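Q: Let me give you the structure first, and then I'll get to my questions.
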Amino acid sequence: MSEEVTAEILQTHILDLAAEGRRLDGRGPDEYRKVSIEPGFVVTADGSALVRLGETMALAGIKLEVGKPFPDTPNAGVLTTNAELIPLSSPTFEPGPPQPGAIEVSRVVDRAIRAAETVDLTALCVTPAEKCWTCFVDVHILGHDGNLIDAALLASVAALSGATIPLKRFGVGEADRPLEIHHRPIECTFVRLGDTIVVDPTFDEEHAAQGRLTVATDEIGRVVAMQKGLVGAFSPDDIKSVVRRAFVHGDRLRAMIGRNGR
Amino acid sequence: MSEEVTAEILQTHILDLAAEGRRLDGRGPDEYRKVSIEPGFVVTADGSALVRLGETMALAGIKLEVGKPFPDTPNAGVLTTNAELIPLSSPTFEPGPPQPGAIEVSRVVDRAIRAAETVDLTALCVTPAEKCWTCFVDVHILGHDGNLIDAALLASVAALSGATIPLKRFGVGEADRPLEIHHRPIECTFVRLGDTIVVDPTFDEEHAAQGRLTVATDEIGRVVAMQKGLVGAFSPDDIKSVVRRAFVHGDRLRAMIGRNGR
Amino acid sequence: MSEEVTAEILQTHILDLAAEGRRLDGRGPDEYRKVSIEPGFVVTADGSALVRLGETMALAGIKLEVGKPFPDTPNAGVLTTNAELIPLSSPTFEPGPPQPGAIEVSRVVDRAIRAAETVDLTALCVTPAEKCWTCFVDVHILGHDGNLIDAALLASVAALSGATIPLKRFGVGEADRPLEIHHRPIECTFVRLGDTIVVDPTFDEEHAAQGRLTVATDEIGRVVAMQKGLVGAFSPDDIKSVVRRAFVHGDRLRAMIGRNGR
Amino acid sequence: MGSVGAKEVPVLLDAEGRRIDGRRLDELRPLTIRAGPLRQADGSAFVEWGQNKVMAAVYGPREVHPRHLQQSTKAVIQCRYNMAAFSVDERKRPGLDRRSQEISKVIAEAFESVVFAEEFPRTSIDVYIEVLQANAGTRCAGLVAGSVALADAGIPMVDLLPAVAVGKVGGAIALDLKKEEDNFGEADLPMALVPQSGRLVLLQMEGHMTEPELAQALELGVGGCRTIYEKMKAALRDRYSVAPVAAEAS
Amino acid sequence: MGSVGAKEVPVLLDAEGRRIDGRRLDELRPLTIRAGPLRQADGSAFVEWGQNKVMAAVYGPREVHPRHLQQSTKAVIQCRYNMAAFSVDERKRPGLDRRSQEISKVIAEAFESVVFAEEFPRTSIDVYIEVLQANAGTRCAGLVAGSVALADAGIPMVDLLPAVAVGKVGGAIALDLKKEEDNFGEADLPMALVPQSGRLVLLQMEGHMTEPELAQALELGVGGCRTIYEKMKAALRDRYSVAPVAAEAS
Amino acid sequence: MGSVGAKEVPVLLDAEGRRIDGRRLDELRPLTIRAGPLRQADGSAFVEWGQNKVMAAVYGPREVHPRHLQQSTKAVIQCRYNMAAFSVDERKRPGLDRRSQEISKVIAEAFESVVFAEEFPRTSIDVYIEVLQANAGTRCAGLVAGSVALADAGIPMVDLLPAVAVGKVGGAIALDLKKEEDNFGEADLPMALVPQSGRLVLLQMEGHMTEPELAQALELGVGGCRTIYEKMKAALRDRYSVAPVAAEAS
């Protein structure tokens, strides 16, 4: 019970601050936390990146394997995204099968990668209808201080940007070649705190929030994915304003990945 | 506790009525509820039927896929029956893996379909030992007011009776052709209420029952499956009398499916 | 609570006895329980043996099937070991997925069989990279009075020693032939009770123990597997002394299996 | 969206701006809603929408299962969106896949945004949505069915939740996509509206749109929701007029 | 039953009415029952029947796991029928498949029909049946073993539960089918009898029989059960005579 | 160990007794330990050891989940050793396989051998070990990381738990195997030492060794553990000197 009371006091405090355009960690409503991207963190992966948004930490690793195309897309490779919200990363996560929260992160990241045509899947076809590359994007959340979706996609895109196709390991070619990246989608997440909508929420802000909205944009001006989450509502005007802000943050974050990500 | 008391009062009442040959809904001991069969309810299925026994509602859908024969029956197709007792259909069902009750329904329906040689499985062989049709019978229970087995088999047989083999969809032939049906088994379920054995029990009657007995018959005078369920016992004479009644109800219900079920 | 108290009293009693070099069932610290091995107990298996260590009872059954070699060992067959600690065998086991204790038994037995090169896996290759024999070692624990690892390995090695490869059943050859056995590892388990280290612990001794140590040896003087388990610690001198004792017990138990185990 | 490497793409929009089934860009598919078809449930609804058939049932407020999800200050809203094995072209394995689990989560959050959950502390309100026949837009059909079922169960809510998907098809923004449009179109944007406040409680998007297209899509979707809203209210009126006593009691 | 499309069917009944293993139509396979082979269990039994080997153990009355299954007015009877991976020709994956779960259910219901469960409210009586070697009729062997194990555990019951399968083989009704008869015969009808009342508490059937055949099968099965009943009682007598004190205490 | 039937075996020991990466037989791979990298956890550590990267976090003492594991006289030590999908050459399916479950068990038992669990009855102390990049010896790296994380969390212990694997490579006993040595060597013997008592709380072995080789391996391993012990203490000193207040509070 005392925990619930503490949580309620914290929520009220966060909402009171937001009403004055302030936040618990001193940021402004449209201020993103310090971001760092460490590409190539894991040498056993075919591509990897460790991303930090404040205390939130996501490690993405890419693995490519030779597999079989789906019957309905015989000329394309296969892409699979999985996010693990392991109990190491937060006192609130428990061991066991993936919870809806982890599934949501996986699927929203997957949709952005897919819709933005991040990876040229047709280039992953080896023999039509028979043999193709399967590209696994695995995200390991190591620290959870809110906004897992943005961190997970950023790590994934950075990892993909530096990935190589292991042709030698699978005896498919003489030399490995870089995985070709078309677009670099960036997801930007906001939460409503009363009448204020703030970017890049912390864990505490997410628990105080009255609705969450994620917008993925790419570098050629397209919105490629959106996801409203948590209990709460957004007006069409809220949404349009959030989309505008997402483009600005997206461009800035995308620049951090760099052209080839290596 | 109050729930248990209510349940006990209801049980006593049902048993008292039964002792006078009466039932809660006014039926006689050998009276079946109103039955309706709506074939072709689901167009995405290769065959389907919605069956109602009073408030009990079962929707069966047939899907055929190209697969591989079992090694020990290289000249036959494969038939699989699955009943889902989804939580939508009853306050007593919970989400999760199939419970023993759902498995029993699936298996008793499967045995009747199989033993009556409802579907000519050898006609589902495409290339011996290599390629055959797999016929999935999926039953979705939408309303549970007792006697799920009868409803599930009736829906399954009606759905099979109107099913087509999707040769075009799988590129195995030029035109689809109807699935050939040999026999039409009908399951008829009874419960013991004291010394009275009543047909087509409701949910409440099943909970008051001292034993359940299901008998499947076909149109050429064969008993093709039986299943005793619940706590309780039947004498050989009880069983013989129940079998007799099952043939009468079976013939009547079978006529409702019609010759080609379409 | 009363159960916990009883358990504590029993533990103290076992430790007190051990301090005087005595045990609850009258054995000395280095005395193994009566062992019996019944080979060929199950005719449906390709090899089997029922082993009793006092009231502990393990039944191992071997099954061979034609399968596919692993990509990284194209010239070898596949060996799989699984121990089932079924709830029939002990009031402390519950139905459900394998618990860590069952997994540990499986893996320690598997390691000993593998490291001792009990079965010549290359002899199980039929066509390199394409076809091989998969050898399943399944151990069913029927009675749990401690020391499951020793019982499980003893049953497994005895069952393997009498196993045949079912060439006829799989149409791979004209006549079945015996499975060739290279080495016969024996696992010997000890627990610490205060300063005394006793062999072949009972269920109660395992619960009173301050550490468990299992050593697998083969007939040519090699240690092939070790496993420390439970809460507790062993000094290097403890370990060396335990290894010495494990060789002595190993030779004696190995002789019980006999040269061809049939 | 964007079936990369797929075999053939149909023409989704003809020269006169007519869609594959003859609809205009702002036209809904036929929609019928029936409240209360299931007697076992506390509330229920059956929705036929284009070639979708979706059944919903509501149980609760009732005891929470599993227990540890119970909340001391409000009801827990649990949702299970499930597709029947035969509801799609290629048979679906029974049970909840990851897609169904995600949809269950966002639908539950949408309902929790409008239900007065504080009125029923320590209870669960369970919404079960079964897709019997699917043809794009099933989560919106599920929201409509679930929302009418909640009303049928007498659960107090801010408002009903009409829902519809808007998409981009052959370069144009179109209301209420059907299967071919969803498979081969450029974007899909399902939403659920609280008519009273004009705010959205469910919003997802997949594909690609520009900012102006998105603005247009939101407007088109909100308009569609308002049409659907009227049908939902009519279905509940029909229910009450047929069986006033049962409705009263529920 | 009816292995459609299978390769070859053996001759199951010769001209003199002898079966594949030389038995007459009304003849049981050899059956030995041993009560109390497991010391860890509250009760146990080992049954060898033809080429079946089945072990059963009973634990209880004891605390109910999982807790929510507990009943305030009686004991819960839980049964787990399981086959060892090596008990059949083609290796079975460890764990309960759907067949095992169904059999566990009907066996539990059969036992609950004879156990005085009201004497032990809020407890569980757990019957574990392990098939070590299978050759048709394992559920009947399991019922016999489980029933003797329950008696060995001192659980009060109306009566023991002898069980046997009757089938139709080469056109004739035959007692106690073995594997080839079960695989290639026309019908299989397992049953469990309460000898005292002459009623059946387990009855299943698969295959096809006419009404007169069914009547004949019931008669043959009830007779077989009565023979088995005597062997069950003898096994329990042997158990008591060997270890009277332990039996008293159990 | 002993990849039977594998394609090619590299030369693991050259004529001068140098190993595949140039190390001597008694030489450790480079090891760096950082205490406290994760702020969300009660204690944490990150270990880079050769090409291993392992993160550990400790939560607790806290409420026990699931409840029925709670013990009335002491804390339960729970451990979860897990490998990231991309941590090995061939992608590993997410989730705990049997190997991970066994390692989790022996590591938990090792920690329980040194933690003063009686000080925290009815609680759980949870140690999470995540292998991010693997190159043989990950369970020892996990023990080192977990042990430092426990100290960082302020959990009272008899001592820290340095750990290392000794193996047999090209016929010689060698300290701290790397991947090729583990795959193609003759034996692998991981151990964890309580430096104060000189006793081992984790010991496993796979492969084959003679008795004298085993004695030599134990000696080599204990020596290696003592070197690692110093690095563990240094990492904790660094942690305290950087953030004395936080360390005090933890």
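Each chain of the structure tokens is named A, B, ... in the order shown, its residues numbered from 1; ligands are numbered from 1 in display order.
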Show which residues sit within 8 Å of Lys53 in chain F, as a PDB file with N, CA, C and O atoms, in the first residue's frame. Count only C-alpha atoms, and ignore same-chain residues fewer than 4 positions away.

A:
ATOM      1  N   PHE F  46      29.996  -5.410 -14.686  1.00  0.00           N
ATOM      2  CA  PHE F  46      30.223  -5.751 -16.085  1.00  0.00           C
ATOM      3  C   PHE F  46      31.628  -6.323 -16.199  1.00  0.00           C
ATOM      4  O   PHE F  46      32.589  -5.738 -15.698  1.00  0.00           O
ATOM      5  N   VAL F  47      31.725  -7.479 -16.816  1.00  0.00           N
ATOM      6  CA  VAL F  47      33.010  -8.161 -16.923  1.00  0.00           C
ATOM      7  C   VAL F  47      33.368  -8.366 -18.393  1.00  0.00           C
ATOM      8  O   VAL F  47      32.546  -8.866 -19.170  1.00  0.00           O
ATOM      9  N   GLU F  48      34.572  -7.937 -18.753  1.00  0.00           N
ATOM     10  CA  GLU F  48      35.125  -8.301 -20.065  1.00  0.00           C
ATOM     11  C   GLU F  48      36.304  -9.200 -19.780  1.00  0.00           C
ATOM     12  O   GLU F  48      37.219  -8.842 -19.048  1.00  0.00           O
ATOM     13  N   TRP F  49      36.278 -10.365 -20.364  1.00  0.00           N
ATOM     14  CA  TRP F  49      37.284 -11.381 -20.036  1.00  0.00           C
ATOM     15  C   TRP F  49      37.606 -12.098 -21.344  1.00  0.00           C
ATOM     16  O   TRP F  49      36.771 -12.838 -21.849  1.00  0.00           O
ATOM     17  N   VAL F 131      24.906 -13.024 -20.711  1.00  0.00           N
ATOM     18  CA  VAL F 131      26.090 -13.173 -21.547  1.00  0.00           C
ATOM     19  C   VAL F 131      25.818 -12.453 -22.861  1.00  0.00           C
ATOM     20  O   VAL F 131      24.917 -12.843 -23.603  1.00  0.00           O
ATOM     21  N   LEU F 132      26.572 -11.391 -23.118  1.00  0.00           N
ATOM     22  CA  LEU F 132      26.336 -10.588 -24.323  1.00  0.00           C
ATOM     23  C   LEU F 132      27.239 -11.040 -25.464  1.00  0.00           C
ATOM     24  O   LEU F 132      26.888 -10.936 -26.630  1.00  0.00           O
ATOM     25  N   GLN F 133      28.419 -11.533 -25.102  1.00  0.00           N
ATOM     26  CA  GLN F 133      29.362 -12.022 -26.103  1.00  0.00           C
ATOM     27  C   GLN F 133      30.106 -13.172 -25.442  1.00  0.00           C
ATOM     28  O   GLN F 133      30.603 -13.031 -24.331  1.00  0.00           O
ATOM     29  N   ALA F 134      30.156 -14.315 -26.122  1.00  0.00           N
ATOM     30  CA  ALA F 134      30.656 -15.525 -25.473  1.00  0.00           C
ATOM     31  C   ALA F 134      31.886 -16.063 -26.178  1.00  0.00           C
ATOM     32  O   ALA F 134      31.954 -16.097 -27.405  1.00  0.00           O
TER      33      ALA F 134
END

Q: Using only C-alpha atoms and a cut-off of 12 Å, which residues of chain D sit close to chain E? Please list them as a ChimeraX atom specification.

A: /D:65-67

Q: Given only C-alpha atoms, how would the per-residue table for chain E near chain B read, listing every residue at most 9 Å away with its closest atom pair and distance in Å to one decimal, sorted by chain and number, as CSV?

A:
residue,atom,partner,partner_atom,distance
E:Met1,CA,B:Ala115,CA,7.5
E:Gly2,CA,B:Ala115,CA,7.2
E:Ser3,CA,B:Thr73,CA,7.2
E:Val4,CA,B:Ala76,CA,6.5
E:Gly5,CA,B:Asn75,CA,4.8
E:Ala6,CA,B:Thr73,CA,4.5
E:Lys7,CA,B:Thr73,CA,7.0
E:Ser72,CA,B:Met1,CA,8.8
E:Arg98,CA,B:Ile103,CA,6.4
E:Arg99,CA,B:Arg107,CA,7.8
E:Gln101,CA,B:Pro100,CA,6.2
E:Glu102,CA,B:Glu104,CA,5.5
E:Ile103,CA,B:Glu104,CA,8.9
E:Ser104,CA,B:Pro100,CA,8.6
E:Lys105,CA,B:Pro100,CA,6.6
E:Val106,CA,B:Gly229,CA,6.4
E:Ala108,CA,B:Val231,CA,8.7
E:Glu109,CA,B:Val231,CA,5.1
E:Ala110,CA,B:Val231,CA,6.5
E:Phe111,CA,B:Val231,CA,8.3
E:Glu112,CA,B:Val231,CA,6.1
E:Ser113,CA,B:Val231,CA,5.0
E:Val114,CA,B:Gly232,CA,8.6
E:Glu186,CA,B:Ala115,CA,9.0
E:Ala187,CA,B:Val224,CA,8.3
E:Leu189,CA,B:Met226,CA,8.4
E:Leu193,CA,B:Ala233,CA,8.9
E:Val194,CA,B:Ala233,CA,8.4
E:Ser197,CA,B:Ser235,CA,8.3
E:Gly198,CA,B:Ser235,CA,6.3
E:Arg199,CA,B:Ser235,CA,4.2
E:Leu200,CA,B:Ala233,CA,5.2
E:Val201,CA,B:Ala233,CA,4.6
E:Leu202,CA,B:Lys228,CA,6.0
E:Leu203,CA,B:Lys228,CA,5.1
E:Gln204,CA,B:Gln227,CA,4.4
E:Met205,CA,B:Met226,CA,4.5
E:Glu206,CA,B:Ala225,CA,4.6
E:Gly207,CA,B:Ala115,CA,4.8
E:His208,CA,B:Val224,CA,4.4
E:Met209,CA,B:Val223,CA,5.3
E:Thr210,CA,B:Arg222,CA,4.9
E:Glu211,CA,B:Val223,CA,7.1
E:Leu214,CA,B:Lys240,CA,8.0
E:Ala215,CA,B:Lys240,CA,6.8
E:Leu218,CA,B:Pro236,CA,6.5
E:Glu219,CA,B:Pro236,CA,7.8
E:Val222,CA,B:Pro236,CA,8.8

Q: Do a neighbour search on Thr12 in chain C at 12 Å with only C-alpha atoms, toss out local chain neighbours closer than 2 positions, and write the hits as a ChimeraX atom specification.

A: /C:5-10,14-19,24,193-194,204-205,207-209

Q: Go ahead and save the residues from that selection, with all heavy atoms, as a CSV table (one decimal), in the first residue's frame.

A:
chain,number,residue,atom,x,y,z
C,5,VAL,N,10.2,-28.4,11.3
C,5,VAL,CA,10.9,-28.8,12.6
C,5,VAL,C,11.4,-30.3,12.5
C,5,VAL,O,12.5,-30.6,12.8
C,5,VAL,CB,9.9,-28.6,13.8
C,5,VAL,CG1,10.5,-29.3,15.0
C,5,VAL,CG2,9.6,-27.1,14.0
C,6,THR,N,10.5,-31.1,12.0
C,6,THR,CA,10.9,-32.5,11.8
C,6,THR,C,12.1,-32.6,10.9
C,6,THR,O,13.1,-33.4,11.2
C,6,THR,CB,9.7,-33.3,11.1
C,6,THR,OG1,8.5,-33.0,11.8
C,6,THR,CG2,9.9,-34.8,11.2
C,7,ALA,N,12.1,-31.9,9.9
C,7,ALA,CA,13.2,-32.0,8.9
C,7,ALA,C,14.5,-31.5,9.6
C,7,ALA,O,15.6,-32.1,9.4
C,7,ALA,CB,12.9,-31.1,7.7
C,8,GLU,N,14.4,-30.5,10.5
C,8,GLU,CA,15.6,-30.0,11.1
C,8,GLU,C,16.1,-31.0,12.1
C,8,GLU,O,17.3,-31.2,12.3
C,8,GLU,CB,15.3,-28.7,11.8
C,8,GLU,CG,16.4,-27.7,11.9
C,8,GLU,CD,16.1,-26.5,12.7
C,8,GLU,OE1,15.1,-25.8,12.2
C,8,GLU,OE2,16.7,-26.3,13.7
C,9,ILE,N,15.2,-31.7,12.9
C,9,ILE,CA,15.6,-32.7,13.8
C,9,ILE,C,16.3,-33.8,13.1
C,9,ILE,O,17.4,-34.3,13.5
C,9,ILE,CB,14.4,-33.2,14.6
C,9,ILE,CG1,13.8,-32.1,15.5
C,9,ILE,CG2,14.7,-34.4,15.4
C,9,ILE,CD1,12.5,-32.4,16.2
C,10,LEU,N,15.7,-34.3,12.0
C,10,LEU,CA,16.3,-35.4,11.2
C,10,LEU,C,17.7,-35.0,10.7
C,10,LEU,O,18.7,-35.8,10.8
C,10,LEU,CB,15.4,-35.7,10.1
C,10,LEU,CG,15.9,-36.9,9.2
C,10,LEU,CD1,15.9,-38.2,10.0
C,10,LEU,CD2,14.9,-37.0,8.0
C,14,ILE,N,21.2,-36.9,11.6
C,14,ILE,CA,22.1,-37.4,10.5
C,14,ILE,C,23.5,-36.9,10.7
C,14,ILE,O,24.5,-37.7,10.6
C,14,ILE,CB,21.5,-37.1,9.1
C,14,ILE,CG1,20.3,-38.0,8.9
C,14,ILE,CG2,22.6,-37.3,8.0
C,14,ILE,CD1,19.5,-37.6,7.6
C,15,LEU,N,23.6,-35.6,11.0
C,15,LEU,CA,25.0,-35.0,11.1
C,15,LEU,C,25.7,-35.6,12.4
C,15,LEU,O,26.9,-35.8,12.4
C,15,LEU,CB,24.8,-33.5,11.2
C,15,LEU,CG,24.4,-32.8,9.9
C,15,LEU,CD1,24.1,-31.3,10.1
C,15,LEU,CD2,25.4,-33.0,8.8
C,16,ASP,N,24.9,-35.7,13.5
C,16,ASP,CA,25.5,-36.3,14.7
C,16,ASP,C,26.0,-37.7,14.5
C,16,ASP,O,27.1,-38.0,14.9
C,16,ASP,CB,24.4,-36.3,15.8
C,16,ASP,CG,24.1,-34.9,16.3
C,16,ASP,OD1,24.8,-34.0,16.0
C,16,ASP,OD2,23.1,-34.8,17.1
C,17,LEU,N,25.2,-38.5,13.8
C,17,LEU,CA,25.6,-39.9,13.5
C,17,LEU,C,26.9,-39.8,12.6
C,17,LEU,O,27.9,-40.5,12.9
C,17,LEU,CB,24.6,-40.6,12.7
C,17,LEU,CG,23.4,-41.2,13.4
C,17,LEU,CD1,22.3,-41.8,12.5
C,17,LEU,CD2,23.8,-42.2,14.5
C,18,ALA,N,26.9,-39.0,11.6
C,18,ALA,CA,28.0,-38.9,10.7
C,18,ALA,C,29.3,-38.5,11.4
C,18,ALA,O,30.4,-39.0,11.1
C,18,ALA,CB,27.8,-37.9,9.6
C,19,ALA,N,29.2,-37.7,12.4
C,19,ALA,CA,30.4,-37.3,13.2
C,19,ALA,C,31.0,-38.5,13.8
C,19,ALA,O,32.3,-38.5,14.1
C,19,ALA,CB,30.0,-36.3,14.3
C,24,LEU,N,22.2,-43.5,9.1
C,24,LEU,CA,20.8,-43.8,9.6
C,24,LEU,C,20.5,-45.2,9.2
C,24,LEU,O,19.8,-45.9,10.0
C,24,LEU,CB,19.9,-42.8,8.9
C,24,LEU,CG,18.6,-42.4,9.6
C,24,LEU,CD1,18.9,-41.8,10.9
C,24,LEU,CD2,17.8,-41.4,8.7
C,193,LEU,N,28.7,-34.5,5.2
C,193,LEU,CA,27.9,-34.4,6.4
C,193,LEU,C,28.9,-34.0,7.5
C,193,LEU,O,29.6,-34.8,8.0
C,193,LEU,CB,27.2,-35.8,6.7
C,193,LEU,CG,26.3,-36.4,5.7
C,193,LEU,CD1,25.9,-37.8,6.0
C,193,LEU,CD2,25.0,-35.5,5.5
C,194,GLY,N,29.0,-32.7,7.7
C,194,GLY,CA,30.0,-32.2,8.6
C,194,GLY,C,31.3,-32.5,8.0
C,194,GLY,O,31.6,-32.1,6.9
C,204,ASP,N,17.2,-38.6,2.5
C,204,ASP,CA,17.3,-37.8,3.8
C,204,ASP,C,18.7,-37.2,3.9
C,204,ASP,O,18.9,-36.1,4.4
C,204,ASP,CB,17.0,-38.7,5.0
C,204,ASP,CG,15.5,-38.9,5.0
C,204,ASP,OD1,14.7,-38.1,4.5
C,204,ASP,OD2,15.1,-40.0,5.6
C,205,GLU,N,19.7,-38.0,3.5
C,205,GLU,CA,21.1,-37.5,3.6
C,205,GLU,C,21.4,-36.4,2.7
C,205,GLU,O,22.1,-35.4,3.0
C,205,GLU,CB,22.1,-38.7,3.4
C,205,GLU,CG,22.2,-39.7,4.5
C,205,GLU,CD,23.0,-40.9,4.2
C,205,GLU,OE1,23.2,-41.3,3.0
C,205,GLU,OE2,23.5,-41.6,5.1
C,207,HIS,N,19.2,-34.2,1.9
C,207,HIS,CA,18.6,-33.0,2.5
C,207,HIS,C,19.4,-32.5,3.7
C,207,HIS,O,19.3,-31.3,4.0
C,207,HIS,CB,17.2,-33.2,2.8
C,207,HIS,CG,16.3,-33.1,1.6
C,207,HIS,ND1,16.2,-34.1,0.6
C,207,HIS,CD2,15.5,-32.1,1.1
C,207,HIS,CE1,15.5,-33.7,-0.4
C,207,HIS,NE2,15.0,-32.5,-0.1
C,208,ALA,N,20.2,-33.3,4.3
C,208,ALA,CA,21.0,-32.9,5.4
C,208,ALA,C,22.4,-32.4,5.0
C,208,ALA,O,23.1,-31.8,5.7
C,208,ALA,CB,21.1,-34.0,6.4
C,209,ALA,N,22.7,-32.7,3.7
C,209,ALA,CA,24.1,-32.5,3.2
C,209,ALA,C,24.5,-31.1,3.1
C,209,ALA,O,23.7,-30.1,2.9
C,209,ALA,CB,24.2,-33.2,1.9

Q: Check the DSSP output for the backbone and give back, as an mmCIF file with C-alpha atoms, in the first residue's frame, the residues of range 21-169 of chain E in helix (DSSP H, G or I).

A:
data_model
loop_
_atom_site.group_PDB
_atom_site.id
_atom_site.type_symbol
_atom_site.label_atom_id
_atom_site.label_comp_id
_atom_site.auth_asym_id
_atom_site.auth_seq_id
_atom_site.Cartn_x
_atom_site.Cartn_y
_atom_site.Cartn_z
ATOM 1 C CA ARG E 67 -4.302 -24.619 -4.509
ATOM 2 C CA HIS E 68 -7.245 -23.220 -6.464
ATOM 3 C CA LEU E 69 -8.401 -26.767 -7.278
ATOM 4 C CA ARG E 98 -3.699 -35.124 -25.863
ATOM 5 C CA ARG E 99 -4.421 -38.851 -25.732
ATOM 6 C CA SER E 100 -2.778 -39.136 -22.316
ATOM 7 C CA GLN E 101 -4.683 -36.119 -21.049
ATOM 8 C CA GLU E 102 -8.013 -37.563 -22.147
ATOM 9 C CA ILE E 103 -7.237 -40.930 -20.579
ATOM 10 C CA SER E 104 -6.107 -39.207 -17.367
ATOM 11 C CA LYS E 105 -9.470 -37.452 -17.258
ATOM 12 C CA VAL E 106 -11.687 -40.506 -17.749
ATOM 13 C CA ILE E 107 -9.629 -42.577 -15.306
ATOM 14 C CA ALA E 108 -9.861 -39.826 -12.686
ATOM 15 C CA GLU E 109 -13.636 -39.703 -13.173
ATOM 16 C CA ALA E 110 -13.846 -43.490 -12.849
ATOM 17 C CA PHE E 111 -11.941 -43.444 -9.547
ATOM 18 C CA GLU E 112 -13.957 -40.495 -8.268
ATOM 19 C CA ALA E 117 -14.085 -38.396 -1.409
ATOM 20 C CA GLU E 118 -16.262 -36.582 1.150
ATOM 21 C CA GLU E 119 -14.219 -38.157 3.919
ATOM 22 C CA THR E 138 -2.803 -49.822 -21.178
ATOM 23 C CA ARG E 139 -5.631 -47.689 -19.800
ATOM 24 C CA CYS E 140 -7.300 -50.830 -18.406
ATOM 25 C CA ALA E 141 -3.985 -52.002 -16.980
ATOM 26 C CA GLY E 142 -3.603 -48.521 -15.511
ATOM 27 C CA LEU E 143 -7.063 -48.680 -13.930
ATOM 28 C CA VAL E 144 -6.284 -52.051 -12.383
ATOM 29 C CA ALA E 145 -2.910 -50.866 -11.106
ATOM 30 C CA GLY E 146 -4.287 -47.535 -9.875
ATOM 31 C CA SER E 147 -7.203 -49.220 -8.142
ATOM 32 C CA VAL E 148 -4.947 -51.672 -6.295
ATOM 33 C CA ALA E 149 -2.628 -48.783 -5.402
ATOM 34 C CA LEU E 150 -5.586 -46.847 -3.952
ATOM 35 C CA ALA E 151 -6.506 -49.846 -1.838
ATOM 36 C CA ASP E 152 -2.856 -50.249 -0.838
#

Q: When you count only C-alpha atoms, which of these residues is closest to chain A: B:Leu64, B:Val78, B:Ala255, B:Phe170?

A: B:Phe170

Q: Can you pull out the residues contacting Phe203 in chain B? Cut-off 8 Å, using only C-alpha atoms, and skip same-chain residues under 6 positions away; I want them as a list in words.

A: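 Skipping anything fewer than 6 positions along the chain leaves His144, Asp145, Gly146 and Asn147 of chain B.
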
Q: Please write the residues from the selection above to a file, keeping C-alpha atoms, as a PDB file, in the first residue's frame.

A:
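File selection.pdb, as written:
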ATOM      1  CA  HIS B 144     -21.856 -23.197 -23.809  1.00  0.00           C
ATOM      2  CA  ASP B 145     -25.183 -24.318 -22.431  1.00  0.00           C
ATOM      3  CA  GLY B 146     -24.239 -27.974 -22.193  1.00  0.00           C
ATOM      4  CA  ASN B 147     -23.803 -30.897 -24.573  1.00  0.00           C
TER       5      ASN B 147
END
